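Colleague: File name final-v4.txt; file contents compact mmCIF, C-alpha atoms and all ligand atoms; full text below.
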# COMPACT_ATOMS: atom_id res chain seq x y z
CA MET M 1 -11.17 -6.14 12.83
CA ARG M 2 -13.11 -2.93 12.98
CA VAL M 3 -12.32 0.63 13.82
CA ILE M 4 -14.39 1.78 16.77
CA ARG M 5 -13.01 5.28 17.10
CA ALA M 6 -10.44 7.53 15.47
CA GLU M 7 -9.20 10.68 17.15
CA LEU M 8 -7.27 13.16 15.06
CA ARG M 9 -5.38 16.13 16.48
CA ALA M 10 -3.82 18.76 14.21
CA PHE M 11 -3.94 16.24 11.39
CA ARG M 12 -4.31 17.84 7.92
CA ASN M 13 -7.36 20.14 8.08
CA TYR M 14 -8.66 18.66 11.36
CA ALA M 15 -7.76 20.64 14.46
CA SER M 16 -9.49 18.02 16.60
CA VAL M 17 -12.08 15.46 15.65
CA THR M 18 -13.49 12.16 16.87
CA PHE M 19 -14.80 9.79 14.24
CA GLU M 20 -16.80 6.72 15.18
CA PRO M 21 -17.60 4.65 12.12
CA ASP M 22 -20.35 2.06 11.94
CA ALA M 23 -19.53 -1.64 12.03
CA GLY M 24 -21.01 -1.93 8.54
CA ILE M 25 -21.03 0.82 5.94
CA THR M 26 -20.15 4.40 6.86
CA VAL M 27 -20.44 7.14 4.26
CA LEU M 28 -18.39 10.32 4.45
CA CYS M 29 -20.12 12.82 2.26
CA GLY M 30 -19.13 16.39 1.50
CA LYS M 31 -18.01 18.89 -1.08
CA ASN M 32 -14.50 18.81 -2.50
CA ALA M 33 -11.58 19.69 -0.21
CA GLN M 34 -13.49 19.30 3.07
CA GLY M 35 -11.40 16.49 4.58
CA LYS M 36 -13.00 13.20 3.50
CA THR M 37 -9.81 11.66 2.13
CA ASN M 38 -7.88 13.05 5.10
CA LEU M 39 -9.95 10.84 7.42
CA LEU M 40 -9.19 7.74 5.38
CA GLU M 41 -5.54 8.77 5.27
CA ALA M 42 -5.49 8.87 9.09
CA VAL M 43 -6.66 5.24 9.18
CA VAL M 44 -4.06 4.26 6.57
CA LEU M 45 -1.36 5.96 8.66
CA CYS M 46 -2.22 3.78 11.66
CA SER M 47 -2.41 0.73 9.43
CA VAL M 48 0.91 0.87 7.59
CA GLY M 49 2.72 3.69 9.35
CA ARG M 50 2.66 6.01 6.37
CA SER M 51 0.33 7.95 4.13
CA HIS M 52 -0.86 6.57 0.82
CA ARG M 53 -0.57 10.06 -0.66
CA THR M 54 2.82 11.36 0.36
CA ASN M 55 6.24 10.22 1.48
CA HIS M 56 6.60 13.35 3.61
CA ASP M 57 4.99 12.90 7.03
CA ARG M 58 5.28 16.59 7.80
CA GLU M 59 2.62 17.33 5.17
CA LEU M 60 0.16 15.53 7.43
CA ILE M 61 0.73 17.93 10.31
CA GLN M 62 -1.69 20.83 10.33
CA TRP M 63 -0.04 23.97 9.05
CA ASP M 64 1.61 25.85 11.92
CA ALA M 65 1.07 23.03 14.43
CA PRO M 66 4.18 21.50 16.05
CA ARG M 67 2.79 17.97 16.00
CA ALA M 68 -0.10 15.84 14.83
CA SER M 69 -1.55 12.68 16.28
CA VAL M 70 -3.96 9.97 15.27
CA SER M 71 -5.31 7.46 17.80
CA LEU M 72 -7.34 4.48 16.75
CA GLU M 73 -9.34 2.17 18.92
CA THR M 74 -10.06 -1.09 17.19
CA GLU M 75 -11.90 -4.24 18.01
CA ARG M 76 -10.38 -7.56 17.15
CA ARG M 77 -11.30 -11.11 18.07
CA ASP M 78 -9.35 -10.86 21.30
CA GLY M 79 -10.77 -7.53 22.46
CA THR M 80 -10.07 -3.85 21.94
CA HIS M 81 -6.72 -2.42 20.92
CA ASP M 82 -5.23 1.04 20.73
CA VAL M 83 -2.76 2.35 18.22
CA LYS M 84 -1.44 5.87 18.24
CA ILE M 85 0.90 7.71 15.91
CA ILE M 86 2.44 11.04 16.76
CA LEU M 87 4.19 13.09 14.10
CA ASN M 88 6.58 15.81 15.25
CA ARG M 89 7.44 18.62 12.90
CA GLY M 90 10.90 18.94 14.44
CA GLY M 91 11.93 15.72 12.71
CA GLY M 92 14.96 13.79 13.83
CA ALA M 93 14.73 10.52 15.70
CA ARG M 94 11.37 11.43 17.23
CA ALA M 95 9.73 12.56 14.00
CA LYS M 96 7.33 9.62 14.13
CA GLN M 97 6.36 7.86 17.34
CA VAL M 98 4.25 4.73 17.31
CA LEU M 99 2.42 3.48 20.37
CA ILE M 100 0.67 0.14 20.57
CA GLY M 101 -1.44 0.00 23.70
CA ALA M 102 0.30 2.59 25.78
CA SER M 103 3.79 1.37 24.91
CA PRO M 104 6.02 3.04 22.37
CA VAL M 105 7.47 0.62 19.82
CA ALA M 106 10.97 0.91 18.49
CA ARG M 107 10.27 -0.18 14.91
CA ILE M 108 7.39 0.77 12.65
CA GLY M 109 7.34 -2.83 11.44
CA GLU M 110 5.74 -3.81 14.75
CA LEU M 111 2.63 -1.94 13.66
CA MET M 112 2.03 -4.18 10.68
CA GLY M 113 -1.06 -6.32 10.94
CA HIS M 114 -2.50 -4.46 13.94
CA VAL M 115 -4.93 -2.38 11.92
CA PRO M 116 -5.28 -4.20 8.61
CA SER M 117 -6.77 -1.98 5.92
CA VAL M 118 -7.19 -1.83 2.18
CA LEU M 119 -7.85 1.46 0.48
CA PHE M 120 -9.14 1.99 -3.01
CA SER M 121 -9.02 5.44 -4.58
CA PRO M 122 -9.31 6.79 -8.12
CA GLU M 123 -5.51 7.10 -8.28
CA ASP M 124 -5.34 3.31 -8.14
CA LEU M 125 -6.01 3.35 -11.85
CA SER M 126 -2.26 3.94 -12.01
CA LEU M 127 -1.83 0.35 -10.78
CA VAL M 128 -2.99 -0.72 -14.18
CA LYS M 129 -1.96 2.20 -16.38
CA ASP M 130 1.36 3.42 -15.04
CA GLY M 131 4.85 2.02 -14.70
CA PRO M 132 5.99 -0.86 -12.48
CA GLY M 133 6.76 1.40 -9.49
CA GLU M 134 3.07 1.65 -8.65
CA ARG M 135 2.65 -2.10 -8.75
CA ARG M 136 5.69 -2.65 -6.55
CA ARG M 137 4.31 -0.12 -4.06
CA PHE M 138 1.05 -2.05 -4.00
CA MET M 139 2.87 -5.34 -3.37
CA ASP M 140 4.92 -3.66 -0.65
CA MET M 141 1.98 -2.01 1.14
CA THR M 142 -0.05 -5.23 1.13
CA LEU M 143 2.71 -7.72 1.88
CA SER M 144 4.11 -5.60 4.70
CA GLN M 145 0.80 -5.92 6.52
CA LEU M 146 1.00 -9.69 6.17
CA ARG M 147 4.63 -10.34 6.88
CA PRO M 148 6.69 -7.94 9.03
CA GLN M 149 9.79 -9.89 7.85
CA TYR M 150 9.00 -8.69 4.35
CA PHE M 151 8.90 -5.11 5.57
CA TYR M 152 12.30 -5.51 7.25
CA ALA M 153 13.85 -7.17 4.18
CA LEU M 154 12.53 -4.29 2.10
CA GLN M 155 14.05 -1.73 4.45
CA GLN M 156 17.38 -3.53 4.42
CA TYR M 157 17.33 -3.88 0.64
CA SER M 158 16.50 -0.21 0.00
CA ARG M 159 19.25 0.97 2.33
CA ALA M 160 21.83 -1.32 0.73
CA LEU M 161 20.68 -0.33 -2.76
CA LYS M 162 21.16 3.33 -1.95
CA GLN M 163 24.66 2.60 -0.63
CA ARG M 164 25.57 0.53 -3.66
CA ASN M 165 24.33 3.19 -6.09
CA GLY M 166 26.29 5.86 -4.19
CA LEU M 167 29.38 3.67 -4.37
CA LEU M 168 28.88 3.06 -8.10
CA ARG M 169 28.85 6.81 -8.68
CA ALA M 170 31.95 7.35 -6.54
CA LEU M 171 33.82 4.49 -8.24
CA SER M 172 33.01 5.65 -11.72
CA ILE M 173 34.07 9.24 -10.96
CA SER M 174 37.38 8.06 -9.52
CA PHE M 175 38.03 5.65 -12.44
CA ALA M 176 38.60 2.79 -9.98
CA SER M 177 40.08 -0.42 -11.38
CA ALA M 178 37.77 -3.38 -11.95
CA SER M 179 39.29 -5.34 -9.06
CA GLU M 180 39.04 -2.41 -6.66
CA ALA M 181 35.41 -1.86 -7.69
CA ALA M 182 34.69 -5.56 -7.23
CA SER M 183 36.12 -5.68 -3.73
CA GLN M 184 34.18 -2.61 -2.62
CA LEU M 185 30.91 -3.74 -4.22
CA GLU M 186 31.07 -7.33 -2.99
CA PRO M 187 29.70 -6.74 0.55
CA TRP M 188 26.75 -4.75 -0.80
CA ASP M 189 26.05 -7.37 -3.45
CA GLU M 190 25.88 -9.99 -0.75
CA ILE M 191 23.42 -8.00 1.37
CA LEU M 192 21.33 -7.16 -1.68
CA SER M 193 21.18 -10.74 -2.86
CA ARG M 194 20.14 -12.06 0.54
CA ALA M 195 17.48 -9.41 1.27
CA GLY M 196 16.46 -9.37 -2.40
CA ALA M 197 15.90 -13.14 -2.53
CA SER M 198 13.71 -12.91 0.55
CA ILE M 199 11.64 -10.13 -1.06
CA ILE M 200 11.29 -12.15 -4.26
CA MET M 201 10.24 -15.27 -2.37
CA TYR M 202 7.45 -13.38 -0.60
CA ARG M 203 6.33 -11.74 -3.84
CA VAL M 204 6.12 -15.07 -5.69
CA TRP M 205 3.92 -16.43 -2.92
CA PHE M 206 1.81 -13.27 -2.79
CA LEU M 207 1.29 -12.96 -6.55
CA ASP M 208 0.13 -16.52 -6.72
CA ARG M 209 -2.59 -15.87 -4.14
CA LEU M 210 -3.39 -12.44 -5.49
CA ALA M 211 -3.87 -13.72 -9.03
CA ARG M 212 -6.47 -16.21 -7.85
CA ASP M 213 -8.33 -13.74 -5.66
CA ALA M 214 -8.18 -11.00 -8.32
CA ARG M 215 -9.68 -13.32 -10.91
CA ASP M 216 -12.58 -14.14 -8.56
CA ALA M 217 -13.13 -10.53 -7.45
CA HIS M 218 -13.09 -9.42 -11.07
CA ALA M 219 -15.65 -12.03 -12.05
CA HIS M 220 -17.89 -10.86 -9.20
CA LEU M 221 -17.55 -7.16 -10.04
CA SER M 222 -17.92 -7.33 -13.78
CA GLY M 223 -20.39 -10.18 -13.96
CA SER M 224 -18.81 -10.96 -17.32
CA ASN M 225 -16.99 -13.97 -18.64
CA GLU M 226 -13.74 -12.07 -19.11
CA THR M 227 -10.90 -13.55 -17.08
CA LEU M 228 -8.42 -11.31 -15.28
CA ALA M 229 -4.97 -12.82 -14.87
CA ALA M 230 -1.93 -11.46 -13.02
CA ARG M 231 1.58 -12.73 -13.73
CA PHE M 232 4.69 -11.88 -11.74
CA ILE M 233 7.57 -10.59 -13.84
CA CYS M 234 10.92 -11.22 -12.20
CA PRO M 235 13.92 -12.94 -13.79
CA PHE M 236 14.73 -14.63 -10.47
CA GLY M 237 11.19 -15.65 -9.54
CA LYS M 238 11.52 -19.22 -10.79
CA GLU M 239 15.04 -19.86 -9.52
CA ASP M 240 15.44 -22.53 -6.84
CA ASN M 241 18.21 -20.47 -5.33
CA ALA M 242 17.23 -16.86 -5.98
CA ALA M 243 19.94 -15.49 -3.68
CA ARG M 244 22.67 -17.24 -5.66
CA ALA M 245 21.17 -16.21 -9.01
CA LEU M 246 20.83 -12.61 -7.88
CA LEU M 247 24.37 -12.51 -6.52
CA ASP M 248 25.72 -13.86 -9.82
CA ALA M 249 23.68 -11.30 -11.75
CA LEU M 250 24.95 -8.45 -9.57
CA ARG M 251 28.56 -9.59 -9.95
CA ASN M 252 28.25 -10.07 -13.70
CA GLY M 253 26.50 -6.74 -14.08
CA ARG M 254 29.13 -4.65 -12.29
CA ALA M 255 30.74 -3.20 -15.43
CA ARG M 256 27.37 -2.23 -16.83
CA ASP M 257 26.24 -0.83 -13.46
CA LEU M 258 29.42 1.25 -13.20
CA ALA M 259 28.80 2.67 -16.66
CA SER M 260 25.17 3.51 -15.92
CA ARG M 261 25.92 4.44 -12.28
CA GLY M 262 22.92 2.46 -11.10
CA THR M 263 21.93 -1.10 -10.19
CA GLY M 264 20.22 -2.71 -13.16
CA MET M 265 19.13 -5.99 -11.56
CA GLY M 266 17.05 -6.97 -8.60
CA PRO M 267 13.59 -6.78 -7.06
CA HIS M 268 13.54 -2.99 -7.44
CA ARG M 269 12.85 -3.85 -11.09
CA ASP M 270 10.07 -6.40 -10.46
CA ASP M 271 6.64 -5.97 -11.98
CA PHE M 272 3.48 -7.89 -12.68
CA GLU M 273 1.40 -8.03 -15.80
CA LEU M 274 -2.40 -7.90 -15.95
CA THR M 275 -4.37 -9.43 -18.77
CA LEU M 276 -8.05 -9.80 -19.60
CA ASN M 277 -8.67 -12.88 -21.68
CA GLY M 278 -4.98 -12.89 -22.49
CA LYS M 279 -4.80 -9.25 -23.67
CA GLN M 280 -2.84 -6.67 -21.69
CA VAL M 281 -5.27 -4.47 -19.76
CA LYS M 282 -2.81 -1.58 -19.85
CA VAL M 283 -2.67 -1.58 -23.63
CA TYR M 284 -6.10 -2.75 -24.75
CA GLY M 285 -8.43 -2.19 -21.79
CA SER M 286 -11.15 0.47 -21.87
CA GLN M 287 -11.19 3.03 -19.06
CA GLY M 288 -13.94 1.03 -17.33
CA GLN M 289 -12.11 -2.27 -17.75
CA GLN M 290 -8.93 -0.75 -16.34
CA ARG M 291 -10.79 0.68 -13.36
CA THR M 292 -12.50 -2.63 -12.65
CA ALA M 293 -9.16 -4.47 -12.91
CA ALA M 294 -7.58 -2.04 -10.43
CA LEU M 295 -10.51 -2.46 -8.05
CA ALA M 296 -10.31 -6.25 -8.40
CA LEU M 297 -6.64 -6.10 -7.38
CA LYS M 298 -7.51 -4.16 -4.26
CA LEU M 299 -10.34 -6.53 -3.37
CA ALA M 300 -7.92 -9.39 -3.90
CA ALA M 301 -5.49 -7.73 -1.50
CA PHE M 302 -8.38 -7.57 0.94
CA SER M 303 -9.17 -11.30 0.58
CA THR M 304 -5.52 -12.26 0.88
CA ILE M 305 -5.05 -10.22 4.05
CA ARG M 306 -8.32 -11.50 5.53
CA ASP M 307 -7.44 -15.13 4.90
CA GLU M 308 -3.87 -14.80 6.11
CA LEU M 309 -4.65 -12.86 9.27
CA ASP M 310 -7.94 -14.66 9.78
CA ASP M 311 -9.42 -11.22 10.36
CA SER M 312 -11.08 -8.75 7.97
CA PRO M 313 -9.30 -5.53 7.13
CA VAL M 314 -11.34 -2.34 7.06
CA LEU M 315 -12.16 -1.47 3.46
CA LEU M 316 -11.68 2.21 2.61
CA LEU M 317 -13.29 3.32 -0.62
CA ASP M 318 -12.34 6.83 -1.65
CA ASP M 319 -14.55 8.41 -4.26
CA VAL M 320 -15.12 5.24 -6.25
CA MET M 321 -18.90 5.21 -6.40
CA SER M 322 -19.23 8.01 -8.95
CA GLU M 323 -16.89 6.18 -11.29
CA LEU M 324 -18.76 2.90 -11.44
CA ASP M 325 -21.98 2.15 -13.23
CA ALA M 326 -25.00 1.29 -11.07
CA GLU M 327 -24.59 -2.45 -11.50
CA ARG M 328 -20.90 -2.48 -10.53
CA ARG M 329 -21.64 -0.21 -7.57
CA ARG M 330 -24.22 -2.68 -6.33
CA ARG M 331 -21.84 -5.57 -6.87
CA LEU M 332 -19.06 -3.78 -5.00
CA LEU M 333 -21.25 -3.07 -1.99
CA SER M 334 -22.59 -6.60 -1.89
CA TRP M 335 -19.05 -7.96 -1.89
CA THR M 336 -18.10 -9.46 1.50
CA PRO M 337 -21.16 -8.38 3.47
CA GLY M 338 -20.55 -7.65 7.13
CA VAL M 339 -17.13 -6.12 6.55
CA GLN M 340 -16.53 -2.60 7.80
CA LYS M 341 -16.46 -0.22 4.87
CA ILE M 342 -15.81 3.52 4.95
CA ILE M 343 -16.82 5.20 1.73
CA THR M 344 -16.41 8.80 0.62
CA CYS M 345 -18.58 10.56 -1.91
CA THR M 346 -19.53 14.06 -2.95
CA ASP M 347 -23.09 13.18 -3.81
CA GLU M 348 -25.39 11.10 -1.64
CA SER M 349 -27.24 9.86 -4.68
CA ASP M 350 -24.14 7.78 -5.55
CA LEU M 351 -25.15 5.52 -2.67
CA THR M 352 -28.78 5.12 -3.65
CA GLY M 353 -29.97 1.66 -2.74
CA ALA M 354 -27.07 0.88 -0.39
CA VAL M 355 -27.70 -0.18 3.20
CA VAL M 356 -25.77 2.57 4.92
CA GLY M 357 -25.14 2.21 8.66
CA LYS M 358 -24.00 5.75 9.25
CA MET M 359 -23.97 8.89 7.13
CA CYS M 360 -21.48 11.60 8.14
CA MET M 361 -21.32 15.00 6.50
CA VAL M 362 -17.77 16.34 6.29
CA ASP M 363 -17.47 20.10 6.22
CA ASN M 364 -14.24 22.07 6.42
CA GLY M 365 -12.36 19.83 8.84
CA ALA M 366 -15.38 18.85 10.91
CA ILE M 367 -17.81 15.97 10.94
CA VAL M 368 -21.32 17.36 11.23
N1 LIG Y 1 -1.22 19.94 6.49
C1 LIG Y 1 -2.43 20.49 6.30
N2 LIG Y 1 -2.91 21.40 7.18
C2 LIG Y 1 -4.14 21.95 7.01
N3 LIG Y 1 -4.94 21.68 5.97
C3 LIG Y 1 -4.52 20.78 5.05
C4 LIG Y 1 -3.25 20.15 5.17
N4 LIG Y 1 -3.08 19.31 4.14
C5 LIG Y 1 -4.20 19.41 3.39
N5 LIG Y 1 -5.06 20.31 3.94
C6 LIG Y 1 -6.39 20.70 3.43
O1 LIG Y 1 -7.23 19.57 3.41
C7 LIG Y 1 -8.19 19.75 2.40
C8 LIG Y 1 -8.28 18.52 1.51
O2 LIG Y 1 -8.82 17.49 2.22
P1 LIG Y 1 -9.20 16.14 1.49
O3 LIG Y 1 -8.17 15.77 0.52
O4 LIG Y 1 -9.54 15.20 2.57
O5 LIG Y 1 -10.49 16.62 0.70
P2 LIG Y 1 -11.72 15.74 0.20
O6 LIG Y 1 -12.89 16.08 1.07
O7 LIG Y 1 -11.33 14.34 0.08
O8 LIG Y 1 -11.95 16.41 -1.22
P3 LIG Y 1 -12.22 15.76 -2.68
O9 LIG Y 1 -13.69 15.52 -2.75
O10 LIG Y 1 -11.81 16.88 -3.57
O11 LIG Y 1 -11.38 14.57 -2.80
C9 LIG Y 1 -7.76 20.90 1.54
O12 LIG Y 1 -8.59 22.00 1.81
C10 LIG Y 1 -6.35 21.15 1.98
O13 LIG Y 1 -6.02 22.50 1.88
MG MG Y 2 -10.78 13.19 -1.55
I need this file expressed as structure tokens, please.
Ligand SMILES: Nc1ncnc2c1ncn2[C@@H]1O[C@H](COP(=O)(O)OP(=O)(O)OP(=O)(O)O)[C@@H](O)[C@H]1O
Ligand SMILES: [Mg+2]
Modeller:
Amino acid sequence: MRVIRAELRAFRNYASVTFEPDAGITVLCGKNAQGKTNLLEAVVLCSVGRSHRTNHDRELIQWDAPRASVSLETERRDGTHDVKIILNRGGGARAKQVLIGASPVARIGELMGHVPSVLFSPEDLSLVKDGPGERRRFMDMTLSQLRPQYFYALQQYSRALKQRNGLLRALSISFASASEAASQLEPWDEILSRAGASIIMYRVWFLDRLARDARDAHAHLSGSNETLAARFICPFGKEDNAARALLDALRNGRARDLASRGTGMGPHRDDFELTLNGKQVKVYGSQGQQRTAALALKLAAFSTIRDELDDSPVLLLDDVMSELDAERRRRLLSWTPGVQKIITCTDESDLTGAVVGKMCMVDNGAIV
């Protein structure tokens, strides 16, 4: 897959712009705060239906504008495709409209896989350094592109979890009896265990693939003999019947959940651990080792998506060049030749030696 054209209207600091990246490497170069990341964000929006930087779509709409839109024309094996997202400031049911071809789609999940993309930015260091939430978000963003069913299970799970947590609070305030609590919680526990088991099943499969691809990508990037390993951490991951095990855990945990007014068990607690030669990267890794591990994870997501969809995602590299040494930069750019890459930088010299197809200067919401 490649992006042929992106048209942004009232999106972030772009009043109106048309961006036509090269089939190979495109560099977006400019000073800070000119709109380089905003362009990548527009591609991400069409890829997964949301920004990688914010949960609030309205922040993407240009200040004072009533609506924003991003249209992408892509080329896939079977021809050209159009995806368009319109964000309305008014909110409500029409806050976000998704069009594939010229037809509006009812569910954002239908977008998944149309514009596969993988973005790497300096904040991805948090994948290695921060808490499990970042790693779950990464699993969710990548897996959703591969399996719309995963995206729907996730939606169903999050809604049910919110309901269950609300109910736990209400029950604990009203000092409900154990049997009353049990009968009210039971339907939510059943939904959570079914959707949760489906999420866990997909994550087990994904982590297995990811671990292999991350190890290979890491070996390519670092050129060292250190081995990167990723291990899924989930108490239900090895169960034959994860739904049953999760349901039992939810039932048995009710008293504790009522006391803490929150759900202590389930895939919203999943994580994965990263090690280099058996040592936790988070604890023992140098800054450079952590950055390379994070990048290897993203490249692994790329390989997994490419192999599963039998089509290459577009690789978006935000500001990574300045953070890598010359050798790793070269290794990154030589990785999967022929794939469309859009790279941002503040200094052209960061790309010295790279075969750049197109150089775009980004200046205050315009491509010059
Ligand atoms: N909703 C919005 N409406 C208008 N302008 C916005 C909006 N949201 C962000 N901006 C502006 O966009 C600019 C930031 O763009 P972006 O993050 O793409 O910068 P960048 O070129 O990637 O910079 P850096 O090199 O610092 O990462 C800022 O000037 C910010 O004020
Ligand atoms: Mg930026």
Colleague: Give the residue list for ligand LIG 1 (chain Y) at 10 Å, counting only C-alpha atoms and all ligand atoms, as a PyMOL selection string, sorted by chain and then by residue number.
Modeller: chain M and resi 10-15+28-42+53+57-65+68+121-122+318-319+344-347+362-365
Colleague: Kindly extract all protein, DNA and RNA residues lying within 10 Å of the coordinates (15.4, 6.1, 13.8) given in the file, considering only C-alpha atoms, and supply them as a list in words.
Modeller: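 I get Gly92, Ala93, Arg94, Ala95, Lys96, Gln97, Ala106, Arg107 and Ile108 of chain M for the residues within 10 Å of that point.
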Colleague: Could you pull the residues within 10 Å of stretch 249-252 of chain M, counting all atoms listed in the file, minus those fewer than 5 positions along the same chain, as a list in words?
Modeller: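 The contact residues come out as Ala182, Leu185, Glu186, Trp188, Asp189, Glu190, Leu192, Ser193, Phe236, Ala243, Arg244, Asp257, Thr263, Gly264, Met265 and Gly266 of chain M.
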Colleague: Go ahead and compute the interatomic distance for atom CA of M:Ser71 and atom CA of M:Leu45, in Å to one decimal.
Modeller: 10.1 Å
Colleague: Can I get the residues of stretch 47-166 of chain M within 9 Å of stretch 273-293 of chain M, each with the closest pair of atoms and their distance in Å to one decimal, using only C-alpha atoms, sorted chain first then ascending number, as JSON lines?
Modeller:
{"residue": "M:Pro122", "atom": "CA", "partner": "M:Arg291", "partner_atom": "CA", "distance": 8.2}
{"residue": "M:Asp124", "atom": "CA", "partner": "M:Arg291", "partner_atom": "CA", "distance": 8.0}
{"residue": "M:Leu125", "atom": "CA", "partner": "M:Arg291", "partner_atom": "CA", "distance": 5.7}
{"residue": "M:Val128", "atom": "CA", "partner": "M:Lys282", "partner_atom": "CA", "distance": 5.7}
{"residue": "M:Lys129", "atom": "CA", "partner": "M:Lys282", "partner_atom": "CA", "distance": 5.2}
{"residue": "M:Asp130", "atom": "CA", "partner": "M:Lys282", "partner_atom": "CA", "distance": 8.1}
Colleague: Out of M:Ala259, M:Ile343, M:Leu154, M:Ala300, which residue has the shortest atom-to-atom distance to M:Arg203 when counting only C-alpha atoms?
Modeller: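 Among the listed residues, the smallest separation from M:Arg203 belongs to M:Leu154.
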Colleague: When you draw a straight line from atom CA of M:Glu110 to atom CA of M:Ala242, how long is it in Å?
Modeller: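 A separation of 27.1 Å between them.
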Colleague: Fewer than 3 positions away in the same chain doesn't count, so skip those; otherwise give me all residues within 9 Å of M:Met139, counting all atoms listed in the file, as a PyMOL selection string.
Modeller: chain M and resi 134-136+142-144+203+206-207+301
Colleague: Nearest to ligand MG 2 (chain Y) among M:Glu348, M:Asp22, M:Glu123, M:Glu73, with distances taken over all atoms listed in the file: which residue is it?
Modeller: M:Glu123
Colleague: Pick out the residues sitting within 10 Å of M:Leu171, and hand them over as a ChimeraX atom specification; count all atoms listed in the file, and ignore anything fewer than 2 positions along from it in its own chain.
Modeller: /M:165-169,173-178,180-181,184-185,258-259,261
Colleague: Quick check, in Å to one decimal: how far apart do atom CA of M:His81 and atom CA of M:Val48 lie?
Modeller: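 According to the coordinates, atom CA of M:His81 and atom CA of M:Val48 are separated by 15.7 Å.
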Colleague: So which one's closest to ligand MG 2 (chain Y), M:Phe120, M:Gly49, M:Ile191, M:Asp350? Using only C-alpha atoms and all ligand atoms, please.
Modeller: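 Closest residue, counting only C-alpha atoms and all ligand atoms: M:Phe120.
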Colleague: Kindly indicate which residue among M:Met201, M:Ile305, M:Leu316, M:Ala6 lies nearest to ligand MG 2 (chain Y), using only C-alpha atoms and all ligand atoms for the distances.
Modeller: M:Leu316
Colleague: Using all atoms listed in the file for the distances, tell me which of M:Cys46, M:Cys360, M:Leu351, M:Ala160 is nearest to M:Met321.
Modeller: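 Looking at the shortest contact to M:Met321, the residue is M:Leu351.
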Colleague: Would you mind listing what lies within 9 Å of M:Val355 as a list in words, with only C-alpha atoms counted and same-chain residues fewer than 6 positions away left out?
Modeller: Gly24, Ile25 and Leu333 of chain M
Colleague: Would you fill out stretch 44-48 of chain M with all heavy atoms and return it as an mmCIF file, in the coordinates of the input?
Modeller:
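Generated output (selection_38.cif):
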data_model
loop_
_atom_site.group_PDB
_atom_site.id
_atom_site.type_symbol
_atom_site.label_atom_id
_atom_site.label_comp_id
_atom_site.auth_asym_id
_atom_site.auth_seq_id
_atom_site.Cartn_x
_atom_site.Cartn_y
_atom_site.Cartn_z
ATOM 1 N N VAL M 44 -5.185 4.889 7.285
ATOM 2 C CA VAL M 44 -4.060 4.260 6.570
ATOM 3 C C VAL M 44 -2.760 4.465 7.353
ATOM 4 O O VAL M 44 -1.943 3.548 7.482
ATOM 5 C CB VAL M 44 -3.914 4.840 5.134
ATOM 6 C CG1 VAL M 44 -2.645 4.342 4.469
ATOM 7 C CG2 VAL M 44 -5.129 4.468 4.298
ATOM 8 N N LEU M 45 -2.573 5.659 7.885
ATOM 9 C CA LEU M 45 -1.360 5.960 8.660
ATOM 10 C C LEU M 45 -1.208 4.975 9.822
ATOM 11 O O LEU M 45 -0.122 4.452 10.069
ATOM 12 C CB LEU M 45 -1.402 7.403 9.173
ATOM 13 C CG LEU M 45 -0.235 7.823 10.063
ATOM 14 C CD1 LEU M 45 1.054 7.933 9.246
ATOM 15 C CD2 LEU M 45 -0.515 9.158 10.759
ATOM 16 N N CYS M 46 -2.305 4.711 10.523
ATOM 17 C CA CYS M 46 -2.220 3.780 11.660
ATOM 18 C C CYS M 46 -2.102 2.332 11.199
ATOM 19 O O CYS M 46 -1.704 1.463 11.956
ATOM 20 C CB CYS M 46 -3.456 3.915 12.548
ATOM 21 S SG CYS M 46 -3.457 5.465 13.446
ATOM 22 N N SER M 47 -2.465 2.092 9.943
ATOM 23 C CA SER M 47 -2.410 0.730 9.430
ATOM 24 C C SER M 47 -1.002 0.357 8.972
ATOM 25 O O SER M 47 -0.481 -0.688 9.344
ATOM 26 C CB SER M 47 -3.391 0.632 8.256
ATOM 27 O OG SER M 47 -3.330 -0.622 7.665
ATOM 28 N N VAL M 48 -0.399 1.224 8.165
ATOM 29 C CA VAL M 48 0.910 0.870 7.590
ATOM 30 C C VAL M 48 2.022 1.848 7.975
ATOM 31 O O VAL M 48 3.139 1.754 7.484
ATOM 32 C CB VAL M 48 0.843 0.725 6.043
ATOM 33 C CG1 VAL M 48 0.072 -0.513 5.654
ATOM 34 C CG2 VAL M 48 0.260 1.958 5.380
#
